[in-house]
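The block underneath contains the structure these notes are about, expressed in structure tokens.
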Amino acid sequence: MNIAILSRRASLYSTNRLKEAAEQRGHEAPVIDYLRCYMDITSHKPKVMYQKKELSKVDAVIPRIGASNTFYGTAVVRQFEMMGTYPVNESVAISRSRDKLRSLQLLARKGIGLPVTAFAHSTKDIEGLIEKVGGAPLVVKLLEGTQGIGVVLCETNKAAESVIEAFRGLDAQILVQEFIKEAGGADIRCFVVGDKVIAAMMRQGAEGEFRSNIHRGGSAQKIKITPEERSTATRAAKTMGLNVAGVDILRSNHGPVVMEVNSSPGLEGIEAATGIDVAGKIIEFIEKNAAPGKTRDRAKG
Ligand code: ADP
């Protein structure tokens, strides 16, 4: 098969591993910088152009779209979908998962465990917002944040009010969330492929840090998850419509709660912590599922 990896750089660990795993299985796996793809979107025969050539005969694409390039990246994935190319994650599912608020609303509707979370537009409603999540300690989160940036733990209601006012003063959109203290600064990354968790690791934040992000000095190790955690992760990925997803879960007193569902989960940390050939599992999934025109959400917008 010809499996194109939509990624900004061939040298990134995940990109490199996906290419290697595809080639090992006898596929062609070109790395395509999606920001350099261009297209005539009105053409009645959809095409994607790259380096002055038409990208034809691509059987499947693996989108590895960076958070800051979601708009253009998903447009490129959509164009491939219209050509009948199989995307391992569909454009609508990627867009959906990039919107934290929309994701939480969809997960809540399916009854998936979540931290109590509130959202408001006006600072006039701060008190109600704080009350809604049970008061301090609580977590205030920038909707647009990644890698733990913009995730603030507020120990008192007063501190929470100030932080919310400051963020809203800058016109930032925020979520207010109950603080899951019992998670002890750790979270579980479940790597879902298809309807299975194929690898799981626990990330522990650095000493004195409630955020477990590796970028913030956290460390990771392999972990055996419970059947409830397994089903929470696979249901969360399914709700978002993602075939490949990194589902982040906290262990709370009221069971597993989902933090986030990531549509381009990194392979480096999880492969290192678990020794599992995650890239190989993704390619295997594509081999089993890619068929021309097998895009579920095609042209639904
Ligand atoms: P990002 O997407 O920027 O990584 P997250 O919402 O995943 O932001 O939060 C980063 C980390 O902070 C999480 O992995 C978790 O360890 C911790 N965290 C976030 N929200 C809560 C919460 N409500 N209670 C306890 N810890 C939290």
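Numbering starts fresh at 1 for the residues of each chain in the structure tokens, the chains themselves are lettered A, B, ... in the order given, and ligands are numbered from 1 as they appear.
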
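All residues in region 224-270 of chain A with a DSSP state of strand (DSSP E or B), computed from the backbone, read Leu242, Val244, Ala245, Gly246, Val247, Asp248, Ile249, Leu250, Arg251, Ser252, Gly255, Pro256, Val257, Val258, Met259, Glu260, Val261 and Asn262 of chain A.
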
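Based on only C-alpha atoms and all ligand atoms, the protein and nucleic acid residues found within 7 Å of ligand 1 are, by chain and then by number, Pro115, Leu138, Val139, Lys141, Gly145, Thr146, Gln147, Gly148, Ile149, Gly150, Val151, Gln177, Glu178, Phe179, Ile180, Lys181, Ala183, Gly185, Ala186, Asp187, Gly205, Phe210, Arg211, Ser212, Asn213, Asp248, Met259 and Glu260 of chain A.
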
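The spacing separating CA of Cys190 (chain A) from CA of Arg203 (chain A) amounts to 10.9 Å.
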
If you run DSSP on the backbone here, which positions in region 21-194 of chain A get helix (DSSP H, G or I)? Please write them as a PyMOL selection string. chain A and resi 21-24+34-36+67-82+91-98+100-109+123-132+157-169+181-183

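Our summary of the geometry notes that CA of Val163 (chain A) is positioned 20.8 Å from CA of Arg216 (chain A).
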
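Counting only C-alpha atoms, the residue from A:Glu127, A:Glu207, A:Asp171, A:Glu271 that sits nearest to Gln221 (chain A) is A:Glu271.
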
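In this comparison, which uses only C-alpha atoms, the residue of A:Ala120, A:Leu35, A:Val261, A:Ala10 approaching Ala237 (chain A) most closely is A:Val261.
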
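Comparing A:Ala75, A:Val247, A:Ile188, A:Ala291 by their smallest distance to Arg235 (chain A), the closest is A:Val247 (using only C-alpha atoms).
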
Spatial neighbours of Glu228 (chain A), 10 Å, only C-alpha atoms, chain gap at least 3 places, as a VMD selection string: chain A and resid 225 231 to 233 255 to 256

From the options A:Ile270, A:Val197, A:Val116, A:Ile5, which residue's atoms come nearest to Gly135 (chain A), counting only C-alpha atoms? A:Val116

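Of note, CA of Ser95 (chain A) and CA of Tyr72 (chain A) are spaced 10.7 Å apart.
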
What's the 7 Å shell around Ile282 (chain A), counting only C-alpha atoms, without same-chain residues fewer than 4 positions away, as number ranges by chain? A: 193, 278, 286

Any chance you can output those residues with N, CA, C and O atoms as a PDB file, in the first residue's frame?
ATOM      1  N   VAL A 193      -5.998   1.845  19.702  1.00  0.00           N
ATOM      2  CA  VAL A 193      -5.986   1.621  18.244  1.00  0.00           C
ATOM      3  C   VAL A 193      -7.195   0.748  17.942  1.00  0.00           C
ATOM      4  O   VAL A 193      -7.322  -0.349  18.492  1.00  0.00           O
ATOM      5  N   VAL A 278       4.076   0.181  19.013  1.00  0.00           N
ATOM      6  CA  VAL A 278       2.820   0.910  18.789  1.00  0.00           C
ATOM      7  C   VAL A 278       2.674   1.288  17.309  1.00  0.00           C
ATOM      8  O   VAL A 278       1.595   1.158  16.720  1.00  0.00           O
ATOM      9  N   ILE A 286      -4.349  -0.245   9.776  1.00  0.00           N
ATOM     10  CA  ILE A 286      -4.614   0.315   8.442  1.00  0.00           C
ATOM     11  C   ILE A 286      -4.733  -0.827   7.419  1.00  0.00           C
ATOM     12  O   ILE A 286      -5.636  -0.827   6.579  1.00  0.00           O
TER      13      ILE A 286
END

Of the candidates A:Glu287, A:Glu229, A:Asp195, A:Asp99, which one gets nearest to Ile174 (chain A) if we count only C-alpha atoms? A:Asp99

Could you name the residues that touch Lys57 (chain A) at 10 Å or less, counting only C-alpha atoms, but leaving out those on the same chain fewer than 3 positions away, as a list in words? Met1, Asn2, Ile3, Glu54, Ala60, Met83 and Thr85 of chain A

Take the selection from the previous step and output its residues with N, CA and C atoms, as a compact mmCIF listing (two decimals), in the first residue's frame.
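Saved file selection26.txt follows:
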# COMPACT_ATOMS: atom_id res chain seq x y z
N MET A 1 0.85 -1.20 0.00
CA MET A 1 0.00 0.00 0.00
C MET A 1 0.88 1.25 0.00
N ASN A 2 0.26 2.35 -0.38
CA ASN A 2 0.94 3.63 -0.26
C ASN A 2 0.29 4.38 0.91
N ILE A 3 1.01 4.46 2.01
CA ILE A 3 0.48 5.06 3.24
C ILE A 3 1.23 6.37 3.50
N GLU A 54 0.89 15.94 -8.48
CA GLU A 54 -0.36 15.47 -7.90
C GLU A 54 -0.08 14.26 -7.02
N ALA A 60 -3.88 5.36 1.93
CA ALA A 60 -4.27 5.76 3.30
C ALA A 60 -3.39 6.90 3.76
N MET A 83 -11.11 12.34 -2.02
CA MET A 83 -10.51 11.55 -3.11
C MET A 83 -10.73 10.05 -2.88
N THR A 85 -9.42 8.46 -0.25
CA THR A 85 -8.28 7.93 0.53
C THR A 85 -8.73 7.64 1.96

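Near Gly73 (chain A), within 9 Å and counting only C-alpha atoms, sit Leu6, Tyr34, Leu35, Pro63, Arg64, Ile65, Gly66, Asn69, Thr70, Val76, Val77, Arg78 and Ser91 of chain A, not including residues fewer than 3 positions from it in the same chain.
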
Spatial neighbours of region 18-24 of chain A, 8 Å, only C-alpha atoms, chain gap at least 4 places, as a list of chain:residue names: A:Ile3, A:Ile5, A:Ser14, A:Glu28, A:Ala29, A:Pro30, A:Val31, A:Ala279, A:Gly280, A:Ile282, A:Ile283

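If you measure from each of A:Pro265, A:Gly169, A:Gly275, A:Gly241 to Asn89 (chain A) using only C-alpha atoms, the closest one turns out to be A:Gly241.
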